[in-house]
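**Student:** Attaching a single structure in structure tokens format; questions to follow.
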Amino acid sequence: MKHIRITLNGIVQGVGFRPFVYKEAIRFKLNGWVTNSSEGVIISVEGIEEDIFSFIDKLLYDAPSLSKIEFFKTIVLDLEGFKIFEIRESSISNKIQTLISPDIATCNECESELNDIENLRRFNLPFNNCTNCGPRYTIINSLPYDRRETAMNKFNMCVECQKEYRDPLDRRFHAEPICCNDCGPKVSLVSIDGQEIESSSNAFIRVKKLILEGNIIAVKGVGGFNIVCNAKDQEAIERLRKVKNRPFKPLAVMFRNLEVLNKYCTITEIEEEIITGNKKPIILIKKIKGMLLESISSNDNVGAILPYSPLHYMLFSEEIDAIIFTSGNAKGIPLNYKNDEALNSLKGIAEYVLFNNRDIIVPIDDSVVKVMHNDRTVIRPGRGYAPYSFRVKVKEDILAMGSELKNTFSLSTNGYVFVSPYNGDMVYEENINHFKYILNHFMKIYNPKIKYVARDARKDGFENSIELSGAKILPVYHHHAHIASCIAEHNIKGAVIGVAYDGIGYGEDGAIWGGEFLICGLRGFKRVAHIDYFKLIGGDKATLNPWRVAYELCTRYIEDENEYDELFSEIPIKDRNLIRTIKKVNINSFDTSSIGRVFDGIAYVLGFNRQVSYEGEAAIYLETMANQSEHVESYRFETIQDNLIKISIKPIIQGIINDLRYGANKGYVARKFHNTVIEFTVDVVMKIAASSNIDKVALSGGVFQNTILRNDIKRKLSEAGLKVFTNNTIPTNDSGISYGQLFIAKEYFNL
Ligand code: ZN
Ligand code: ZN
Ligand code: FE
């Protein structure tokens, strides 16, 4: 007989860990106890040594799927002669070690209960959940995670639910949002003028009918309201685009199930694993040509998602294969999530609203994920993924405020680094308020003492409106943060050659950077190469209107106007002249090395002749076009060796205009341009590697969401013998900036 004390830490609370321990202890005939404490889960077991070993083996290798053991320790103690095995009440001290879990998609067992007509308590229960699934982050007020501190507090558990909640052998032991058809939250269907139409299960019957009749319906889900309509109804989709002021941005589609999804899209094994897993994000996958309406997405991909809460399963019937599933907000501003504000703010968008009375305490968007070259990459960190928590020791608490666009913030405290969900663009008052709300929420829960703040090096900006008195502030350059996010994600030691490709970031010399090669560590960076400067004329206007970039590139690099004039024939002469004048007087025009803008300009000459209606639109247009061609040719490029290397795109622009004049196919030109970017990137990296003796490369920045570029640059550099790193869990776009900033501050202040 032996008495062994086991301490476990990590994600082990609120995920069915204690009942699992209980069941296994009983199975191996061990006596003792298990409890939650400030150090994690503590287990004391007495029994035959072999049985204890088998038990430990189970704990380590067979733990519940949502748990993650990050720390494990055993000690041998004197025998105490326990008579039973029991779950002891937790003795959580004020030093809270528990983490807020992200929200978890409905598990298979809960899903099958929805259809089990014999199970009256859970049949068609829109809020069904268990310890393995259900809402977490969105309903938690404060820690420790306990029903009293959640949005479920106002619903009294019925006697049956109480029994399950207290039974260590039940799947719902301490499932805090536990409920049934007798005691759970209720839904009601309301027309946009406030009339209740149906409630309970009748509401779903009616909603399905309304969907089939072509209506637009707002549905309150896990993290906020979504707008849905029939994905096969062209007229409804057009109306939805109009009322949401979303003319072109692809719409996400929720499919009834995987089998149905397979009729419309091709999905790889890894993608299938993600879309059916416990996070259930929107995943960008290949459409099967001609199966989905063109008005859903004009590129090769579609954002596909499967039902992730019981309520979503209940929106479907045999007649409804797929619904448009988009967020219930006006363009750019945060998600609607409050019942009392919804009718007002959804007026003009939805025709009906499916409400429920479970409050959302913290709103969250759906996550967006893309698989590239078998790599899982998070594009928008939201439900299921965020908030992230990583076990990292940092001596003092740091807040990293993130980027202006696609913001997240990161926070280190108490042995962890947390990354917030996506907060949107910090250019609207509403989003800045949202940032403050979420930051406050994190402060309330984790109670950090912020001594250090990392923020973007740009002096103006939303950060100035966030009050943090007494903290030391570290300004961090945008592209340094991008590369640092990759260094920190993969825990790379020593210097790397960082390639940061994106749209816009403030640089050391005051120019707008975006095509950068840095020799870089967490502590600092040295810019060693960049795309040669051209002008961004009219600042934001140039970002919105790709023709302005195209015009600048043509006038800058091509002497004879006649060669390109026709490409701009639809642009009024006075607008073109204005560009020339602004450039001459050098007002409101900025030096830029942004490769993102180069993509925009080239998209224009290849036919993208409208305003950009969402970030990355022109670049996606170009990538889609390039996918139509498999040509391997490329344009000539020049590198100018100064005190640093400058990549001149002059021969590229000349080559493109020349090809077009001789009637080259646009797909061919787009592909050839992609090939050129790949070539000069590899060329410059190899030059830097040779002169610096560095063999590690980190690729980061929003442009690496482009599958062609990412895959080929990675492959070619790897083939040349370099070790290449890219972002996966931490977004490669600006949502990853805060993570990089935090690690730069940790290194800088020696924390
Ligand atoms: Zn479940
Ligand atoms: Zn109940
Ligand atoms: Fe960026």
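How things are named: the first chain in the structure tokens is A, the next is B, and so on; residues count from 1 in each chain; ligands count from 1 in the order shown.
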Please identify all polymer residues within 10 Å of stretch 653-659 of chain A, counting only C-alpha atoms, omitting same-chain residues fewer than 5 positions from it, and present them as a PyMOL selection string.

**Tutor:** chain A and resi 550+553-554+556-559+563-564+567+598+601-602+605-606+634-637+648+664-666+668-670+672-673

**Student:** Those residues with C-alpha atoms, as a CSV table (one decimal), in the first residue's frame please?

**Tutor:**
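This went into out_33.csv:
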```csv
chain,number,residue,atom,x,y,z
A,550,ALA,CA,-1.8,52.2,-59.4
A,553,LEU,CA,3.2,53.4,-59.5
A,554,CYS,CA,2.6,54.1,-63.2
A,556,ARG,CA,6.5,57.0,-61.0
A,557,TYR,CA,8.0,54.1,-63.0
A,558,ILE,CA,6.8,54.6,-66.6
A,559,GLU,CA,8.0,57.5,-68.6
A,563,GLU,CA,1.6,53.3,-72.2
A,564,TYR,CA,-0.8,53.3,-69.3
A,567,LEU,CA,-6.0,51.9,-67.9
A,598,VAL,CA,1.4,47.3,-54.2
A,601,GLY,CA,-2.4,48.9,-57.2
A,602,ILE,CA,-1.8,45.8,-59.4
A,605,VAL,CA,-4.7,47.4,-63.4
A,606,LEU,CA,-6.1,43.9,-63.6
A,634,SER,CA,8.2,36.0,-63.3
A,635,TYR,CA,9.0,39.6,-63.9
A,636,ARG,CA,12.5,41.1,-63.5
A,637,PHE,CA,13.2,42.9,-60.3
A,648,SER,CA,12.8,48.3,-56.7
A,664,ALA,CA,-1.7,39.1,-71.9
A,665,ASN,CA,-4.3,37.2,-70.0
A,666,LYS,CA,-5.0,38.8,-66.6
A,668,TYR,CA,-1.3,35.0,-66.2
A,669,VAL,CA,-0.2,38.5,-65.1
A,670,ALA,CA,-1.5,38.0,-61.6
A,672,LYS,CA,3.5,36.1,-62.8
A,673,PHE,CA,3.4,39.0,-60.2
```

**Student:** Quick one: residues within 10 Å of A:Ile6, only C-alpha atoms counted, chain neighbours fewer than 2 positions away excluded, as a list in words?

**Tutor:**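 So the residues in contact are His3, Ile4, Leu8, Val34, Val41, Ile42, Ile43, Ser44, Val45, Ile56, Phe72, Lys73, Thr74, Ile75 and Val76 of chain A.
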
**Student:** Hey, what's within 7 Å of stretch 169-177 of chain A if we count only C-alpha atoms and toss same-chain stuff fewer than 6 positions away? As an NGL selection string, please?

**Tutor:** :A and (19 or 23 or 130-131 or 146-147 or 152)

**Student:** With all heavy atoms retained, write the just-selected residues as a PDB file, in the first residue's frame.

**Tutor:**
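Result file selection-v8.pdb:
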```pdb
ATOM      1  N   PRO A  19     -14.774  14.770 -11.846  1.00  0.00           N
ATOM      2  CA  PRO A  19     -15.540  13.522 -12.015  1.00  0.00           C
ATOM      3  C   PRO A  19     -14.734  12.431 -12.711  1.00  0.00           C
ATOM      4  O   PRO A  19     -14.859  11.253 -12.385  1.00  0.00           O
ATOM      5  CB  PRO A  19     -16.725  13.930 -12.889  1.00  0.00           C
ATOM      6  CG  PRO A  19     -16.686  15.378 -13.020  1.00  0.00           C
ATOM      7  CD  PRO A  19     -15.474  15.931 -12.374  1.00  0.00           C
ATOM      8  N   LYS A  23     -14.078   8.814 -11.130  1.00  0.00           N
ATOM      9  CA  LYS A  23     -14.423   7.549 -11.791  1.00  0.00           C
ATOM     10  C   LYS A  23     -13.217   6.618 -11.878  1.00  0.00           C
ATOM     11  O   LYS A  23     -13.319   5.418 -11.622  1.00  0.00           O
ATOM     12  CB  LYS A  23     -14.927   7.830 -13.222  1.00  0.00           C
ATOM     13  CG  LYS A  23     -16.436   7.866 -13.307  1.00  0.00           C
ATOM     14  CD  LYS A  23     -16.884   7.984 -14.750  1.00  0.00           C
ATOM     15  CE  LYS A  23     -17.460   9.365 -14.992  1.00  0.00           C
ATOM     16  NZ  LYS A  23     -17.917   9.610 -16.339  1.00  0.00           N
ATOM     17  N   CYS A 130     -23.171  20.378 -21.143  1.00  0.00           N
ATOM     18  CA  CYS A 130     -22.674  19.508 -20.079  1.00  0.00           C
ATOM     19  C   CYS A 130     -21.255  19.949 -19.717  1.00  0.00           C
ATOM     20  O   CYS A 130     -20.793  20.963 -20.231  1.00  0.00           O
ATOM     21  CB  CYS A 130     -22.713  18.041 -20.520  1.00  0.00           C
ATOM     22  SG  CYS A 130     -21.505  17.613 -21.782  1.00  0.00           S
ATOM     23  N   THR A 131     -20.574  19.186 -18.868  1.00  0.00           N
ATOM     24  CA  THR A 131     -19.218  19.627 -18.498  1.00  0.00           C
ATOM     25  C   THR A 131     -18.274  19.622 -19.685  1.00  0.00           C
ATOM     26  O   THR A 131     -17.221  20.243 -19.648  1.00  0.00           O
ATOM     27  CB  THR A 131     -18.556  18.735 -17.417  1.00  0.00           C
ATOM     28  OG1 THR A 131     -19.124  17.453 -17.491  1.00  0.00           O
ATOM     29  CG2 THR A 131     -18.699  19.323 -16.056  1.00  0.00           C
ATOM     30  N   ASP A 146     -18.364  29.511 -11.194  1.00  0.00           N
ATOM     31  CA  ASP A 146     -19.400  28.944 -10.359  1.00  0.00           C
ATOM     32  C   ASP A 146     -20.715  29.540 -10.842  1.00  0.00           C
ATOM     33  O   ASP A 146     -20.747  30.694 -11.252  1.00  0.00           O
ATOM     34  CB  ASP A 146     -19.106  29.382  -8.912  1.00  0.00           C
ATOM     35  CG  ASP A 146     -20.121  28.858  -7.934  1.00  0.00           C
ATOM     36  OD1 ASP A 146     -21.262  29.387  -7.884  1.00  0.00           O
ATOM     37  OD2 ASP A 146     -19.770  27.913  -7.218  1.00  0.00           O
ATOM     38  N   ARG A 147     -21.787  28.748 -10.804  1.00  0.00           N
ATOM     39  CA  ARG A 147     -23.052  29.221 -11.373  1.00  0.00           C
ATOM     40  C   ARG A 147     -23.468  30.598 -10.874  1.00  0.00           C
ATOM     41  O   ARG A 147     -23.981  31.417 -11.632  1.00  0.00           O
ATOM     42  CB  ARG A 147     -24.159  28.215 -11.083  1.00  0.00           C
ATOM     43  CG  ARG A 147     -25.486  28.576 -11.782  1.00  0.00           C
ATOM     44  CD  ARG A 147     -26.448  27.432 -11.675  1.00  0.00           C
ATOM     45  NE  ARG A 147     -27.765  27.664 -12.205  1.00  0.00           N
ATOM     46  CZ  ARG A 147     -28.242  27.076 -13.296  1.00  0.00           C
ATOM     47  NH1 ARG A 147     -27.465  26.271 -13.990  1.00  0.00           N
ATOM     48  NH2 ARG A 147     -29.480  27.283 -13.679  1.00  0.00           N
ATOM     49  N   MET A 152     -26.330  32.388 -15.701  1.00  0.00           N
ATOM     50  CA  MET A 152     -27.328  31.371 -15.377  1.00  0.00           C
ATOM     51  C   MET A 152     -27.852  31.534 -13.961  1.00  0.00           C
ATOM     52  O   MET A 152     -28.779  30.846 -13.549  1.00  0.00           O
ATOM     53  CB  MET A 152     -26.728  29.969 -15.554  1.00  0.00           C
ATOM     54  CG  MET A 152     -26.504  29.554 -16.986  1.00  0.00           C
ATOM     55  SD  MET A 152     -28.024  29.544 -17.953  1.00  0.00           S
ATOM     56  CE  MET A 152     -28.850  28.091 -17.260  1.00  0.00           C
TER      57      MET A 152
END
```

**Student:** Which residue gives the smallest distance to ligand 3 among A:Lys449, A:His480, A:Arg661, A:Arg548, with only C-alpha atoms and all ligand atoms counted?

**Tutor:**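 That would be A:His480, the residue with the smallest distance to ligand 3.
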
**Student:** Select the residues contacting ligand 1 at a distance of at most 9 Å, based on only C-alpha atoms and all ligand atoms, then format the selection as a ChimeraX atom specification.

**Tutor:** /A:104-111,128-134,171-172

**Student:** Could the residues in this selection be written to a file with all heavy atoms, as a CSV table (one decimal), in the first residue's frame?

**Tutor:**
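And here is the file that came out, part26.csv:
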```csv
chain,number,residue,atom,x,y,z
A,104,ILE,N,-17.4,26.5,-25.6
A,104,ILE,CA,-17.1,25.2,-26.3
A,104,ILE,C,-18.4,24.8,-27.0
A,104,ILE,O,-19.5,24.8,-26.5
A,104,ILE,CB,-16.7,24.2,-25.2
A,104,ILE,CG1,-15.4,24.7,-24.5
A,104,ILE,CG2,-16.5,22.8,-25.8
A,104,ILE,CD1,-15.3,24.2,-23.1
A,105,ALA,N,-18.1,24.3,-28.2
A,105,ALA,CA,-19.2,23.9,-29.1
A,105,ALA,C,-19.9,22.6,-28.6
A,105,ALA,O,-19.2,21.8,-27.9
A,105,ALA,CB,-18.7,23.6,-30.5
A,106,THR,N,-21.2,22.5,-28.9
A,106,THR,CA,-22.0,21.4,-28.4
A,106,THR,C,-21.3,20.0,-28.7
A,106,THR,O,-20.8,19.8,-29.8
A,106,THR,CB,-23.3,21.4,-29.1
A,106,THR,OG1,-23.9,22.7,-28.9
A,106,THR,CG2,-24.3,20.3,-28.6
A,107,CYS,N,-21.2,19.2,-27.7
A,107,CYS,CA,-20.6,17.9,-27.8
A,107,CYS,C,-21.6,16.9,-28.5
A,107,CYS,O,-22.8,17.1,-28.6
A,107,CYS,CB,-20.1,17.3,-26.5
A,107,CYS,SG,-21.3,16.8,-25.4
A,108,ASN,N,-21.1,15.8,-28.9
A,108,ASN,CA,-21.9,14.8,-29.6
A,108,ASN,C,-23.0,14.3,-28.7
A,108,ASN,O,-24.2,14.0,-29.2
A,108,ASN,CB,-21.1,13.6,-30.1
A,108,ASN,CG,-20.1,14.0,-31.2
A,108,ASN,OD1,-20.3,15.0,-31.8
A,108,ASN,ND2,-19.0,13.3,-31.3
A,109,GLU,N,-22.7,14.0,-27.5
A,109,GLU,CA,-23.8,13.5,-26.6
A,109,GLU,C,-24.9,14.5,-26.4
A,109,GLU,O,-26.1,14.1,-26.4
A,109,GLU,CB,-23.2,13.1,-25.2
A,109,GLU,CG,-22.4,11.8,-25.2
A,109,GLU,CD,-21.6,11.6,-23.9
A,109,GLU,OE1,-20.7,12.4,-23.8
A,109,GLU,OE2,-21.9,10.7,-23.1
A,110,CYS,N,-24.5,15.8,-26.2
A,110,CYS,CA,-25.6,16.8,-26.1
A,110,CYS,C,-26.4,16.9,-27.4
A,110,CYS,O,-27.6,17.1,-27.4
A,110,CYS,CB,-25.0,18.1,-25.6
A,110,CYS,SG,-24.5,18.1,-23.9
A,111,GLU,N,-25.7,16.8,-28.5
A,111,GLU,CA,-26.4,16.9,-29.8
A,111,GLU,C,-27.4,15.8,-29.9
A,111,GLU,O,-28.5,16.0,-30.4
A,111,GLU,CB,-25.4,16.9,-30.9
A,111,GLU,CG,-26.0,17.2,-32.3
A,111,GLU,CD,-25.2,16.7,-33.5
A,111,GLU,OE1,-23.9,16.6,-33.3
A,111,GLU,OE2,-25.8,16.4,-34.5
A,128,ASN,N,-29.0,23.2,-24.2
A,128,ASN,CA,-28.4,22.0,-23.7
A,128,ASN,C,-26.8,22.1,-23.6
A,128,ASN,O,-26.2,22.7,-24.5
A,128,ASN,CB,-28.8,20.8,-24.6
A,128,ASN,CG,-28.6,19.5,-23.9
A,128,ASN,OD1,-28.4,19.4,-22.7
A,128,ASN,ND2,-28.5,18.4,-24.7
A,129,ASN,N,-26.3,21.6,-22.5
A,129,ASN,CA,-24.8,21.6,-22.4
A,129,ASN,C,-24.4,20.6,-21.3
A,129,ASN,O,-25.3,20.1,-20.6
A,129,ASN,CB,-24.4,23.0,-22.0
A,129,ASN,CG,-24.8,23.4,-20.6
A,129,ASN,OD1,-24.2,23.1,-19.6
A,129,ASN,ND2,-26.0,24.0,-20.5
A,130,CYS,N,-23.2,20.4,-21.1
A,130,CYS,CA,-22.7,19.5,-20.1
A,130,CYS,C,-21.3,19.9,-19.7
A,130,CYS,O,-20.8,21.0,-20.2
A,130,CYS,CB,-22.7,18.0,-20.5
A,130,CYS,SG,-21.5,17.6,-21.8
A,131,THR,N,-20.6,19.2,-18.9
A,131,THR,CA,-19.2,19.6,-18.5
A,131,THR,C,-18.3,19.6,-19.7
A,131,THR,O,-17.2,20.2,-19.6
A,131,THR,CB,-18.6,18.7,-17.4
A,131,THR,OG1,-19.1,17.5,-17.5
A,131,THR,CG2,-18.7,19.3,-16.1
A,132,ASN,N,-18.6,18.9,-20.7
A,132,ASN,CA,-17.7,18.9,-21.9
A,132,ASN,C,-18.0,20.0,-22.9
A,132,ASN,O,-17.3,20.1,-23.9
A,132,ASN,CB,-17.8,17.5,-22.6
A,132,ASN,CG,-17.4,16.4,-21.6
A,132,ASN,OD1,-16.4,16.6,-20.9
A,132,ASN,ND2,-18.2,15.3,-21.6
A,133,CYS,N,-19.1,20.7,-22.8
A,133,CYS,CA,-19.5,21.7,-23.8
A,133,CYS,C,-20.3,22.8,-23.2
A,133,CYS,O,-20.8,22.7,-22.1
A,133,CYS,CB,-20.2,21.0,-24.9
A,133,CYS,SG,-21.9,20.5,-24.6
A,134,GLY,N,-20.5,23.8,-24.0
A,134,GLY,CA,-21.4,24.9,-23.6
A,134,GLY,C,-20.7,26.2,-23.4
A,134,GLY,O,-19.5,26.3,-23.6
A,171,ARG,N,-22.6,13.2,-16.2
A,171,ARG,CA,-21.9,14.1,-17.2
A,171,ARG,C,-22.1,15.5,-16.9
A,171,ARG,O,-21.4,16.4,-17.5
A,171,ARG,CB,-22.6,13.7,-18.6
A,171,ARG,CG,-21.7,14.0,-19.8
A,171,ARG,CD,-22.3,13.5,-21.0
A,171,ARG,NE,-23.0,14.5,-21.8
A,171,ARG,CZ,-24.3,14.4,-22.1
A,171,ARG,NH1,-25.1,13.4,-21.7
A,171,ARG,NH2,-24.9,15.4,-22.7
A,172,ARG,N,-23.0,15.9,-16.1
A,172,ARG,CA,-23.3,17.3,-15.8
A,172,ARG,C,-22.9,17.7,-14.4
A,172,ARG,O,-23.3,18.7,-13.9
A,172,ARG,CB,-24.8,17.6,-16.1
A,172,ARG,CG,-25.1,17.5,-17.5
A,172,ARG,CD,-26.5,18.0,-17.9
A,172,ARG,NE,-26.7,18.0,-19.3
A,172,ARG,CZ,-27.1,17.0,-20.0
A,172,ARG,NH1,-27.4,15.8,-19.4
A,172,ARG,NH2,-27.2,17.1,-21.3
```

**Student:** May I have the residues within 12 Å of ligand 3, computed using only C-alpha atoms and all ligand atoms, as a ChimeraX atom specification?

**Tutor:** /A:402-407,456,477-483,485,499-507,512-516,594-596,615-616,699-705,731-738,740

**Student:** Let me make sure I understand: among A:Tyr61, A:Phe127, A:Tyr452, A:Tyr614, which one has the smallest atom-to-atom distance to ligand 2 if we use only C-alpha atoms and all ligand atoms?

**Tutor:**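 When distances to ligand 2 are compared using only C-alpha atoms and all ligand atoms, the smallest one comes from A:Phe127.
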
**Student:** Considering only C-alpha atoms, return as number ranges by chain whatever protein or nucleic-acid residues lie within 8 Å of A:Leu114, sequence-local ones (same chain, fewer than 6 positions apart) excluded.

**Tutor:** A: 122-125, 128, 310

**Student:** Select the residues contacting ligand 2 at a distance of at most 12 Å, based on only C-alpha atoms and all ligand atoms, then format the selection as a ChimeraX atom specification.

**Tutor:** /A:120-122,125,127-129,152,155-165,172,177-185

**Student:** Using N, CA, C and O atoms, can you write the selected residues to a file as a CSV table (one decimal), in the first residue's frame?

**Tutor:**
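Printed below is out36.csv as written:
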```
chain,number,residue,atom,x,y,z
A,120,LEU,N,-37.4,13.8,-22.5
A,120,LEU,CA,-38.3,15.0,-22.5
A,120,LEU,C,-37.6,16.2,-21.9
A,120,LEU,O,-37.8,17.3,-22.3
A,121,ARG,N,-36.7,16.0,-21.0
A,121,ARG,CA,-36.0,17.1,-20.3
A,121,ARG,C,-35.0,17.8,-21.3
A,121,ARG,O,-34.7,19.0,-21.1
A,122,ARG,N,-34.5,17.1,-22.2
A,122,ARG,CA,-33.5,17.7,-23.1
A,122,ARG,C,-33.8,17.7,-24.6
A,122,ARG,O,-33.1,18.2,-25.4
A,125,LEU,N,-33.8,21.1,-26.6
A,125,LEU,CA,-33.5,22.1,-25.6
A,125,LEU,C,-32.4,23.0,-26.2
A,125,LEU,O,-31.2,22.6,-26.4
A,127,PHE,N,-30.6,25.2,-25.1
A,127,PHE,CA,-29.5,25.6,-24.2
A,127,PHE,C,-28.8,24.4,-23.6
A,127,PHE,O,-28.1,24.5,-22.6
A,128,ASN,N,-29.0,23.2,-24.2
A,128,ASN,CA,-28.4,22.0,-23.7
A,128,ASN,C,-26.8,22.1,-23.6
A,128,ASN,O,-26.2,22.7,-24.5
A,129,ASN,N,-26.3,21.6,-22.5
A,129,ASN,CA,-24.8,21.6,-22.4
A,129,ASN,C,-24.4,20.6,-21.3
A,129,ASN,O,-25.3,20.1,-20.6
A,152,MET,N,-26.3,32.4,-15.7
A,152,MET,CA,-27.3,31.4,-15.4
A,152,MET,C,-27.9,31.5,-14.0
A,152,MET,O,-28.8,30.8,-13.5
A,155,PHE,N,-31.6,31.7,-13.2
A,155,PHE,CA,-32.5,30.5,-13.4
A,155,PHE,C,-32.3,29.5,-12.3
A,155,PHE,O,-31.1,29.0,-12.1
A,156,ASN,N,-33.3,29.2,-11.6
A,156,ASN,CA,-33.2,28.2,-10.5
A,156,ASN,C,-33.2,26.8,-11.1
A,156,ASN,O,-34.1,26.4,-11.8
A,157,MET,N,-32.2,26.0,-10.7
A,157,MET,CA,-32.1,24.6,-11.1
A,157,MET,C,-33.3,23.9,-10.6
A,157,MET,O,-33.6,24.0,-9.4
A,158,CYS,N,-34.0,23.0,-11.4
A,158,CYS,CA,-35.0,22.2,-10.9
A,158,CYS,C,-34.4,21.0,-10.1
A,158,CYS,O,-33.2,20.8,-10.1
A,159,VAL,N,-35.2,20.2,-9.4
A,159,VAL,CA,-34.7,19.2,-8.6
A,159,VAL,C,-33.9,18.2,-9.4
A,159,VAL,O,-32.8,17.8,-8.9
A,160,GLU,N,-34.4,17.8,-10.6
A,160,GLU,CA,-33.6,16.8,-11.4
A,160,GLU,C,-32.3,17.4,-11.8
A,160,GLU,O,-31.3,16.6,-11.8
A,161,CYS,N,-32.2,18.6,-12.2
A,161,CYS,CA,-30.9,19.2,-12.6
A,161,CYS,C,-30.0,19.3,-11.4
A,161,CYS,O,-28.8,19.0,-11.5
A,162,GLN,N,-30.5,19.6,-10.3
A,162,GLN,CA,-29.7,19.7,-9.1
A,162,GLN,C,-29.0,18.3,-8.8
A,162,GLN,O,-27.9,18.3,-8.4
A,163,LYS,N,-29.8,17.3,-9.0
A,163,LYS,CA,-29.3,15.9,-8.7
A,163,LYS,C,-28.1,15.6,-9.6
A,163,LYS,O,-27.1,15.1,-9.2
A,164,GLU,N,-28.3,16.0,-10.9
A,164,GLU,CA,-27.2,15.7,-11.9
A,164,GLU,C,-26.0,16.6,-11.5
A,164,GLU,O,-24.8,16.1,-11.6
A,165,TYR,N,-26.3,17.8,-11.2
A,165,TYR,CA,-25.2,18.8,-10.9
A,165,TYR,C,-24.3,18.3,-9.7
A,165,TYR,O,-23.1,18.5,-9.6
A,172,ARG,N,-23.0,15.9,-16.1
A,172,ARG,CA,-23.3,17.3,-15.8
A,172,ARG,C,-22.9,17.7,-14.4
A,172,ARG,O,-23.3,18.7,-13.9
A,177,PRO,N,-23.7,25.9,-16.4
A,177,PRO,CA,-24.9,26.3,-17.1
A,177,PRO,C,-25.9,25.3,-17.3
A,177,PRO,O,-26.8,25.4,-18.1
A,178,ILE,N,-25.9,24.2,-16.5
A,178,ILE,CA,-26.8,23.1,-16.6
A,178,ILE,C,-28.3,23.6,-16.6
A,178,ILE,O,-28.6,24.6,-15.9
A,179,CYS,N,-29.1,23.0,-17.4
A,179,CYS,CA,-30.5,23.3,-17.4
A,179,CYS,C,-31.3,22.3,-18.1
A,179,CYS,O,-30.7,21.3,-18.7
A,180,CYS,N,-32.6,22.3,-18.1
A,180,CYS,CA,-33.4,21.4,-18.9
A,180,CYS,C,-34.7,22.2,-19.4
A,180,CYS,O,-34.8,23.4,-19.1
A,181,ASN,N,-35.6,21.4,-20.0
A,181,ASN,CA,-36.7,22.1,-20.6
A,181,ASN,C,-37.6,22.7,-19.5
A,181,ASN,O,-38.5,23.6,-19.7
A,182,ASP,N,-37.5,22.2,-18.2
A,182,ASP,CA,-38.3,22.7,-17.1
A,182,ASP,C,-37.7,24.0,-16.5
A,182,ASP,O,-38.5,24.9,-16.1
A,183,CYS,N,-36.4,24.1,-16.5
A,183,CYS,CA,-35.8,25.2,-15.7
A,183,CYS,C,-34.9,26.1,-16.5
A,183,CYS,O,-34.3,27.1,-15.9
A,184,GLY,N,-34.7,25.9,-17.8
A,184,GLY,CA,-33.7,26.7,-18.5
A,184,GLY,C,-34.2,28.0,-19.1
A,184,GLY,O,-35.4,28.4,-18.9
A,185,PRO,N,-33.4,28.7,-19.7
A,185,PRO,CA,-33.7,30.0,-20.4
A,185,PRO,C,-34.8,29.7,-21.5
A,185,PRO,O,-34.9,28.5,-21.9
```
